[in-house]
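For reference, target.pdb (PDB, C-alpha atoms and all ligand atoms):
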MODEL        1
ATOM      1  CA  MET A   1       4.380  -8.573  -1.434
ATOM      2  CA  LEU A   2       4.240  -5.232  -3.155
ATOM      3  CA  THR A   3       2.433  -1.953  -2.740
ATOM      4  CA  ILE A   4       1.019  -0.994  -6.108
ATOM      5  CA  GLY A   5      -0.142   2.567  -6.842
ATOM      6  CA  ILE A   6      -2.753   3.067  -9.532
ATOM      7  CA  ASP A   7      -4.078   6.287 -11.073
ATOM      8  CA  ILE A   8      -7.775   6.525 -12.059
ATOM      9  CA  ASP A   9      -8.310   8.731 -15.114
ATOM     10  CA  ASP A  10      -7.009   7.216 -18.342
ATOM     11  CA  THR A  11      -5.404   4.389 -16.368
ATOM     12  CA  ILE A  12      -8.386   2.560 -14.871
ATOM     13  CA  THR A  13     -10.968   4.497 -16.897
ATOM     14  CA  ASN A  14     -11.310   5.973 -20.392
ATOM     15  CA  SER A  15     -11.696   9.539 -19.132
ATOM     16  CA  THR A  16     -10.220  11.729 -21.881
ATOM     17  CA  ARG A  17     -12.643  10.569 -24.515
ATOM     18  CA  VAL A  18     -15.642  11.228 -22.284
ATOM     19  CA  VAL A  19     -14.432  14.615 -21.014
ATOM     20  CA  LYS A  20     -13.777  15.772 -24.593
ATOM     21  CA  TYR A  21     -17.240  14.645 -25.598
ATOM     22  CA  PHE A  22     -18.822  16.639 -22.772
ATOM     23  CA  ILE A  23     -16.777  19.763 -23.449
ATOM     24  CA  ASN A  24     -17.792  19.578 -27.101
ATOM     25  CA  LYS A  25     -21.433  19.004 -26.357
ATOM     26  CA  TYR A  26     -22.093  21.265 -23.381
ATOM     27  CA  SER A  27     -19.398  23.881 -23.181
ATOM     28  CA  LYS A  28     -17.642  24.482 -26.494
ATOM     29  CA  ASP A  29     -15.105  26.387 -24.425
ATOM     30  CA  LYS A  30     -11.894  26.565 -26.463
ATOM     31  CA  GLU A  31      -9.813  27.156 -23.368
ATOM     32  CA  LEU A  32     -11.069  23.910 -21.839
ATOM     33  CA  MET A  33     -10.633  21.965 -25.053
ATOM     34  CA  ASN A  34      -7.053  23.160 -25.461
ATOM     35  CA  ASN A  35      -6.209  22.104 -21.912
ATOM     36  CA  VAL A  36      -7.911  18.737 -21.653
ATOM     37  CA  GLU A  37      -4.804  17.077 -20.239
ATOM     38  CA  GLY A  38      -4.447  19.665 -17.476
ATOM     39  CA  VAL A  39      -8.173  19.649 -16.817
ATOM     40  CA  ILE A  40      -8.215  15.884 -16.305
ATOM     41  CA  ARG A  41      -5.023  15.881 -14.272
ATOM     42  CA  GLY A  42      -6.204  18.623 -11.958
ATOM     43  CA  ASN A  43      -3.278  20.971 -12.580
ATOM     44  CA  TYR A  44      -5.253  23.340 -14.763
ATOM     45  CA  VAL A  45      -7.671  25.130 -12.488
ATOM     46  CA  SER A  46      -9.712  28.004 -13.895
ATOM     47  CA  GLU A  47     -13.211  29.338 -13.297
ATOM     48  CA  GLY A  48     -14.182  27.687 -16.579
ATOM     49  CA  THR A  49     -12.990  24.244 -15.512
ATOM     50  CA  LYS A  50     -14.545  24.557 -12.065
ATOM     51  CA  ASN A  51     -17.913  25.559 -13.491
ATOM     52  CA  PHE A  52     -17.746  22.855 -16.105
ATOM     53  CA  TYR A  53     -16.988  20.125 -13.585
ATOM     54  CA  ARG A  54     -19.471  21.367 -11.023
ATOM     55  CA  LYS A  55     -22.172  21.083 -13.643
ATOM     56  CA  HIS A  56     -21.118  17.866 -15.331
ATOM     57  CA  SER A  57     -18.956  15.795 -12.980
ATOM     58  CA  GLU A  58     -21.722  13.343 -12.091
ATOM     59  CA  LEU A  59     -22.795  12.904 -15.699
ATOM     60  CA  ILE A  60     -19.199  12.402 -16.750
ATOM     61  CA  GLY A  61     -18.596  10.074 -13.826
ATOM     62  CA  ASN A  62     -21.503   7.903 -14.851
ATOM     63  CA  ARG A  63     -20.368   7.836 -18.451
ATOM     64  CA  ILE A  64     -16.719   6.978 -17.867
ATOM     65  CA  LYS A  65     -16.066   3.287 -18.379
ATOM     66  CA  VAL A  66     -13.539   0.977 -16.752
ATOM     67  CA  LYS A  67     -10.930  -0.130 -19.293
ATOM     68  CA  LYS A  68     -10.896  -3.676 -20.585
ATOM     69  CA  HIS A  69      -9.502  -6.180 -18.037
ATOM     70  CA  ALA A  70      -8.701  -3.446 -15.461
ATOM     71  CA  ARG A  71     -11.164  -4.846 -12.931
ATOM     72  CA  GLU A  72      -9.995  -8.453 -13.328
ATOM     73  CA  VAL A  73      -6.283  -7.651 -13.259
ATOM     74  CA  ILE A  74      -6.538  -5.396 -10.188
ATOM     75  CA  GLN A  75      -8.549  -8.133  -8.464
ATOM     76  CA  LYS A  76      -5.883 -10.684  -9.392
ATOM     77  CA  LEU A  77      -3.100  -8.451  -8.058
ATOM     78  CA  HIS A  78      -5.032  -8.009  -4.828
ATOM     79  CA  ASP A  79      -5.664 -11.773  -4.587
ATOM     80  CA  ASP A  80      -1.912 -12.330  -5.081
ATOM     81  CA  GLY A  81      -1.486 -10.437  -1.812
ATOM     82  CA  HIS A  82      -0.373  -7.043  -3.099
ATOM     83  CA  LYS A  83      -1.612  -3.847  -1.493
ATOM     84  CA  ILE A  84      -3.525  -1.615  -3.912
ATOM     85  CA  ILE A  85      -3.459   2.154  -3.390
ATOM     86  CA  ILE A  86      -5.464   4.306  -5.792
ATOM     87  CA  VAL A  87      -3.794   7.715  -6.200
ATOM     88  CA  THR A  88      -5.690  10.385  -8.144
ATOM     89  CA  ALA A  89      -5.348  14.083  -8.927
ATOM     90  CA  ARG A  90      -9.108  14.521  -8.537
ATOM     91  CA  ASP A  91      -9.821  17.187  -5.953
ATOM     92  CA  ASP A  92     -12.596  19.307  -4.488
ATOM     93  CA  ASN A  93     -12.000  22.108  -6.965
ATOM     94  CA  TYR A  94     -13.711  19.970  -9.545
ATOM     95  CA  TYR A  95     -15.908  17.682  -7.481
ATOM     96  CA  GLU A  96     -18.223  18.390  -4.573
ATOM     97  CA  ASP A  97     -16.339  15.678  -2.713
ATOM     98  CA  ALA A  98     -13.621  14.050  -4.824
ATOM     99  CA  TYR A  99     -12.909  11.302  -2.292
ATOM    100  CA  LYS A 100     -16.535  10.228  -1.898
ATOM    101  CA  PHE A 101     -17.242  10.488  -5.606
ATOM    102  CA  SER A 102     -14.208   8.400  -6.576
ATOM    103  CA  TYR A 103     -14.699   5.890  -3.745
ATOM    104  CA  GLU A 104     -18.288   5.220  -4.766
ATOM    105  CA  TYR A 105     -17.419   4.980  -8.448
ATOM    106  CA  LEU A 106     -14.670   2.436  -7.799
ATOM    107  CA  LYS A 107     -16.869   0.343  -5.492
ATOM    108  CA  ARG A 108     -19.781   0.469  -7.920
ATOM    109  CA  ASN A 109     -17.518  -0.759 -10.701
ATOM    110  CA  GLY A 110     -15.955  -3.581  -8.733
ATOM    111  CA  ILE A 111     -12.439  -2.130  -8.441
ATOM    112  CA  VAL A 112     -10.766  -3.516  -5.309
ATOM    113  CA  PHE A 113      -8.382  -1.314  -3.341
ATOM    114  CA  ASP A 114      -6.938  -0.978   0.146
ATOM    115  CA  LYS A 115      -6.648   2.793   0.152
ATOM    116  CA  LEU A 116      -7.744   5.799  -1.914
ATOM    117  CA  ILE A 117      -5.765   9.048  -1.935
ATOM    118  CA  THR A 118      -7.146  12.112  -3.761
ATOM    119  CA  ALA A 119      -5.803  15.592  -4.646
ATOM    120  CA  GLN A 120      -2.398  14.370  -5.861
ATOM    121  CA  PRO A 121      -1.586  16.026  -9.206
ATOM    122  CA  TYR A 122       2.106  15.269  -8.608
ATOM    123  CA  LYS A 123       2.649  11.834  -7.157
ATOM    124  CA  LYS A 124       6.325  11.433  -6.330
ATOM    125  CA  GLU A 125       6.075  12.467  -2.662
ATOM    126  CA  ILE A 126       3.046  10.319  -1.934
ATOM    127  CA  CYS A 127       4.690   7.308  -3.628
ATOM    128  CA  ILE A 128       7.697   7.700  -1.315
ATOM    129  CA  LYS A 129       5.506   8.234   1.752
ATOM    130  CA  GLU A 130       3.288   5.220   1.043
ATOM    131  CA  LYS A 131       6.287   3.048   0.074
ATOM    132  CA  ILE A 132       4.827   2.305  -3.328
ATOM    133  CA  ASP A 133       6.867  -0.236  -5.314
ATOM    134  CA  ILE A 134       5.210   0.153  -8.691
ATOM    135  CA  MET A 135       3.080   3.087  -9.864
ATOM    136  CA  ILE A 136       0.794   2.861 -12.895
ATOM    137  CA  ASP A 137      -0.187   6.213 -14.448
ATOM    138  CA  ASP A 138      -0.796   7.795 -17.850
ATOM    139  CA  ALA A 139       1.067  11.071 -17.166
ATOM    140  CA  VAL A 140       4.629  11.101 -18.505
ATOM    141  CA  ASP A 141       5.999  13.646 -16.014
ATOM    142  CA  THR A 142       4.519  11.691 -13.093
ATOM    143  CA  VAL A 143       5.933   8.396 -14.358
ATOM    144  CA  ASP A 144       9.355   9.929 -15.030
ATOM    145  CA  SER A 145       9.630  11.732 -11.682
ATOM    146  CA  ILE A 146       8.778   8.482  -9.879
ATOM    147  CA  HIS A 147      11.258   6.506 -11.976
ATOM    148  CA  GLU A 148      13.981   8.982 -10.996
ATOM    149  CA  VAL A 149      13.601   8.145  -7.297
ATOM    150  CA  GLY A 150      13.967   4.427  -8.006
ATOM    151  CA  ILE A 151      10.325   3.405  -7.982
ATOM    152  CA  LYS A 152       9.190   1.269 -10.891
ATOM    153  CA  SER A 153       6.677   3.064 -13.053
ATOM    154  CA  ILE A 154       4.397   1.945 -15.833
ATOM    155  CA  LEU A 155       2.983   4.463 -18.306
ATOM    156  CA  PHE A 156      -0.472   3.539 -19.535
ATOM    157  CA  ASP A 157      -0.529   4.429 -23.207
ATOM    158  CA  SER A 158      -3.130   7.097 -24.112
ATOM    159  CA  SER A 159      -4.063   9.486 -26.908
ATOM    160  CA  ILE A 160      -2.589  12.351 -24.840
ATOM    161  CA  ASN A 161       0.806  10.760 -24.137
ATOM    162  CA  LYS A 162       1.423   8.650 -27.215
ATOM    163  CA  ASN A 163       3.927  11.045 -28.798
ATOM    164  CA  LYS A 164       5.921  11.660 -25.616
ATOM    165  CA  LYS A 165       9.022   9.772 -24.541
ATOM    166  CA  THR A 166       9.016   8.169 -21.112
ATOM    167  CA  LYS A 167      11.557   6.616 -18.758
ATOM    168  CA  GLY A 168       8.897   4.252 -17.440
ATOM    169  CA  LYS A 169       7.615   1.110 -19.102
ATOM    170  CA  ARG A 170       4.972   1.980 -21.689
ATOM    171  CA  LEU A 171       2.159  -0.574 -21.874
ATOM    172  CA  ASN A 172      -1.257  -0.364 -23.508
ATOM    173  CA  ASN A 173      -3.366  -2.997 -21.788
ATOM    174  CA  TRP A 174      -4.003  -4.446 -18.347
ATOM    175  CA  ASN A 175      -3.022  -8.022 -19.157
ATOM    176  CA  ASP A 176       0.458  -6.858 -20.149
ATOM    177  CA  ILE A 177       0.636  -4.856 -16.903
ATOM    178  CA  TYR A 178      -0.018  -8.051 -14.944
ATOM    179  CA  LYS A 179       2.690  -9.912 -16.863
ATOM    180  CA  TYR A 180       5.160  -7.058 -16.374
ATOM    181  CA  ILE A 181       4.556  -7.001 -12.610
ATOM    182  CA  GLN A 182       4.958 -10.787 -12.388
ATOM    183  CA  LYS A 183       8.252 -10.575 -14.239
ATOM    184  CA  ASN A 184       9.676  -7.570 -12.371
ATOM    185  CA  LYS A 185       8.355  -7.879  -8.822
ATOM    186  CA  LYS A 186      11.548  -9.480  -7.505
ATOM    187  CA  ASP A 187      13.477  -6.325  -8.385
ATOM    188  CA  CYS A 188      11.281  -4.189  -6.120
ATOM    189  CA  LYS A 189      12.644  -3.008  -2.802
ATOM    190  CA  ASN A 190       9.844  -4.374  -0.632
ATOM    191  CA  PHE A 191       9.404  -7.730  -2.348
ATOM    192  CA  GLU A 192       9.360 -10.667   0.048
TER     193      GLU A 192
HETATM  194 MG    MG A 201      -4.469   9.896 -15.271
ENDMDL
END
Now, as a test, write the supplied structure out as structure tokens.
Amino acid sequence: MLTIGIDIDDTITNSTRVVKYFINKYSKDKELMNNVEGVIRGNYVSEGTKNFYRKHSELIGNRIKVKKHAREVIQKLHDDGHKIIIVTARDDNYYEDAYKFSYEYLKRNGIVFDKLITAQPYKKEICIKEKIDIMIDDAVDTVDSIHEVGIKSILFDSSINKNKKTKGKRLNNWNDIYKYIQKNKKDCKNFE
């Protein structure tokens, strides 16, 4: 069986749209708006982003929705016997307690997982350490850096990444992710 790594924002949830909406409505901060990708991925830390998230993280968290079929497909993968590790960039710069916040959100929304790891803006090292076979993420540089060390990587198509080339497999819905894993699992190192 495989160990499958899954990102949260813009992979399980529709985060960009909601974060943009909140920046527009409550902040109007051009700096934040111009750095939405970095803000969401946790590699753009400024006083502006910290203040914004401190004020709005719970509202945003309640507004963010799980993508179509994400819950069912992750459940199916788990039922198939695969280990699910959620790996997110979310950290305590933005959230009071990123682990607790994310854990509760995932549980509340019926996402099954065996482990949650926060504060990982760059995921290559943690994928190696946790022996992840397939990582699903929406960030091109994450997907490509993982691909380069021989770990299969799936890029979840998003408005932020759609014009960027990737070495991973670009897919735009969870049902296709399930099919891709079924088809390619035998090529993974730890498949039994
Ligand atoms: Mg993401």
*Where does the PyMOL selection byres (((chain A and resi 178) around 10) and not hetatm) land in this file, that is, which residues does it pick, as a list in words?*
Ala70, Val73, Ile74, Lys76, Leu77, Asn173, Trp174, Asn175, Asp176, Ile177, Lys179, Tyr180, Ile181, Gln182 and Lys183 of chain A
For those residues, write C-alpha atoms to a file as a PDB file, in the frame of the given file.
ATOM      1  CA  ALA A  70      -8.701  -3.446 -15.461  1.00  0.00           C
ATOM      2  CA  VAL A  73      -6.283  -7.651 -13.259  1.00  0.00           C
ATOM      3  CA  ILE A  74      -6.538  -5.396 -10.188  1.00  0.00           C
ATOM      4  CA  LYS A  76      -5.883 -10.684  -9.392  1.00  0.00           C
ATOM      5  CA  LEU A  77      -3.100  -8.451  -8.058  1.00  0.00           C
ATOM      6  CA  ASN A 173      -3.366  -2.997 -21.788  1.00  0.00           C
ATOM      7  CA  TRP A 174      -4.003  -4.446 -18.347  1.00  0.00           C
ATOM      8  CA  ASN A 175      -3.022  -8.022 -19.157  1.00  0.00           C
ATOM      9  CA  ASP A 176       0.458  -6.858 -20.149  1.00  0.00           C
ATOM     10  CA  ILE A 177       0.636  -4.856 -16.903  1.00  0.00           C
ATOM     11  CA  LYS A 179       2.690  -9.912 -16.863  1.00  0.00           C
ATOM     12  CA  TYR A 180       5.160  -7.058 -16.374  1.00  0.00           C
ATOM     13  CA  ILE A 181       4.556  -7.001 -12.610  1.00  0.00           C
ATOM     14  CA  GLN A 182       4.958 -10.787 -12.388  1.00  0.00           C
ATOM     15  CA  LYS A 183       8.252 -10.575 -14.239  1.00  0.00           C
TER      16      LYS A 183
END
Given the file shown, enumerate the residues that the PyMOL selection byres (((chain A and resi 34-40) around 12) and not hetatm) captures and present them as a short mmCIF file (atom, residue, chain, number, x, y, z; two decimals) with C-alpha atoms, in the frame of the given file.
data_model
loop_
_atom_site.label_atom_id
_atom_site.label_comp_id
_atom_site.auth_asym_id
_atom_site.auth_seq_id
_atom_site.Cartn_x
_atom_site.Cartn_y
_atom_site.Cartn_z
CA ASP A 7 -4.08 6.29 -11.07
CA ILE A 8 -7.78 6.52 -12.06
CA ASP A 9 -8.31 8.73 -15.11
CA ASP A 10 -7.01 7.22 -18.34
CA THR A 11 -5.40 4.39 -16.37
CA THR A 13 -10.97 4.50 -16.90
CA ASN A 14 -11.31 5.97 -20.39
CA SER A 15 -11.70 9.54 -19.13
CA THR A 16 -10.22 11.73 -21.88
CA ARG A 17 -12.64 10.57 -24.52
CA VAL A 18 -15.64 11.23 -22.28
CA VAL A 19 -14.43 14.62 -21.01
CA LYS A 20 -13.78 15.77 -24.59
CA TYR A 21 -17.24 14.64 -25.60
CA PHE A 22 -18.82 16.64 -22.77
CA ILE A 23 -16.78 19.76 -23.45
CA ASN A 24 -17.79 19.58 -27.10
CA LYS A 28 -17.64 24.48 -26.49
CA ASP A 29 -15.10 26.39 -24.42
CA LYS A 30 -11.89 26.56 -26.46
CA GLU A 31 -9.81 27.16 -23.37
CA LEU A 32 -11.07 23.91 -21.84
CA MET A 33 -10.63 21.96 -25.05
CA ARG A 41 -5.02 15.88 -14.27
CA GLY A 42 -6.20 18.62 -11.96
CA ASN A 43 -3.28 20.97 -12.58
CA TYR A 44 -5.25 23.34 -14.76
CA VAL A 45 -7.67 25.13 -12.49
CA SER A 46 -9.71 28.00 -13.90
CA GLU A 47 -13.21 29.34 -13.30
CA GLY A 48 -14.18 27.69 -16.58
CA THR A 49 -12.99 24.24 -15.51
CA LYS A 50 -14.54 24.56 -12.06
CA ASN A 51 -17.91 25.56 -13.49
CA PHE A 52 -17.75 22.86 -16.10
CA TYR A 53 -16.99 20.12 -13.58
CA SER A 57 -18.96 15.80 -12.98
CA ILE A 60 -19.20 12.40 -16.75
CA THR A 88 -5.69 10.38 -8.14
CA ALA A 89 -5.35 14.08 -8.93
CA ARG A 90 -9.11 14.52 -8.54
CA ASP A 91 -9.82 17.19 -5.95
CA ASN A 93 -12.00 22.11 -6.96
CA TYR A 94 -13.71 19.97 -9.54
CA TYR A 95 -15.91 17.68 -7.48
CA ALA A 119 -5.80 15.59 -4.65
CA PRO A 121 -1.59 16.03 -9.21
CA TYR A 122 2.11 15.27 -8.61
CA ASP A 138 -0.80 7.80 -17.85
CA ALA A 139 1.07 11.07 -17.17
CA VAL A 140 4.63 11.10 -18.50
CA SER A 158 -3.13 7.10 -24.11
CA SER A 159 -4.06 9.49 -26.91
CA ILE A 160 -2.59 12.35 -24.84
CA ASN A 161 0.81 10.76 -24.14
#
*Tell me which of A:Ile85, A:Val112, A:Ile12, A:Leu155 sits closest to A:Val66, counting only C-alpha atoms.*
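Between A:Ile85, A:Val112, A:Ile12, A:Leu155, the residue approaching A:Val66 most closely is A:Ile12.
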*Using only C-alpha atoms and all ligand atoms: which of A:Val87, A:Ile117, A:Val149, A:Ile134 has the shortest distance to ligand MG 201 (chain A)*: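 Using only C-alpha atoms and all ligand atoms, the shortest distance to ligand MG 201 (chain A) belongs to A:Val87.
Closest approach to A:Asp137 from the set A:Lys107, A:Leu116, A:Arg170, A:Asp92 is made by A:Arg170, with distances taken over all atoms listed in the file.
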*asked:* If I take atom CA of A:Tyr99 and atom CA of A:Lys131, how far is one from the other in Å, to one decimal?
replied: 21.0 Å
*Can you turn the PyMOL selection byres (((chain A and resi 130) around 10) and not hetatm) into a concrete residue list for this file, as a PyMOL selection string?*
chain A and resi 3-5+85+125-129+131-133
*In Å to one decimal, how far is atom CA of A:Asp97 from atom CA of A:Asp79?*
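Taking atom CA of A:Asp79 as the start and atom CA of A:Asp97 as the end point, the length is 29.5 Å.
When all atoms listed in the file are used to compute distances to A:Lys185, the closest of the residues A:Gln75, A:Leu2, A:His56, A:Lys83 turns out to be A:Leu2.
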*Return the single residue from A:Tyr26, A:His78, A:Ala98, A:Tyr105 that is closest to A:Gly61, with distances computed using only C-alpha atoms.*
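Once distances to A:Gly61 are computed over only C-alpha atoms, the minimum belongs to A:Tyr105.
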*Distance criterion (all atoms listed in the file): nearest to ligand MG 201 (chain A) out of A:His147, A:Lys152, A:Lys165, A:Lys123*: A:Lys123
*What is the atom CA of A:Ser145-atom CA of A:Lys167 distance in Å, reported with one decimal?*
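Computing it gives 8.9 Å between the two atoms.
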Using only the atoms of stretch 107-117 of chain A listed in the file, plus 8 Å on each side, state the axis-aligned box centre and edge lengths in Å rounded to one decimal, as lines of an AutoDock Vina configuration file.
center_x = -12.8
center_y = 2.7
center_z = -5.3
size_x = 30.0
size_y = 28.6
size_z = 26.9
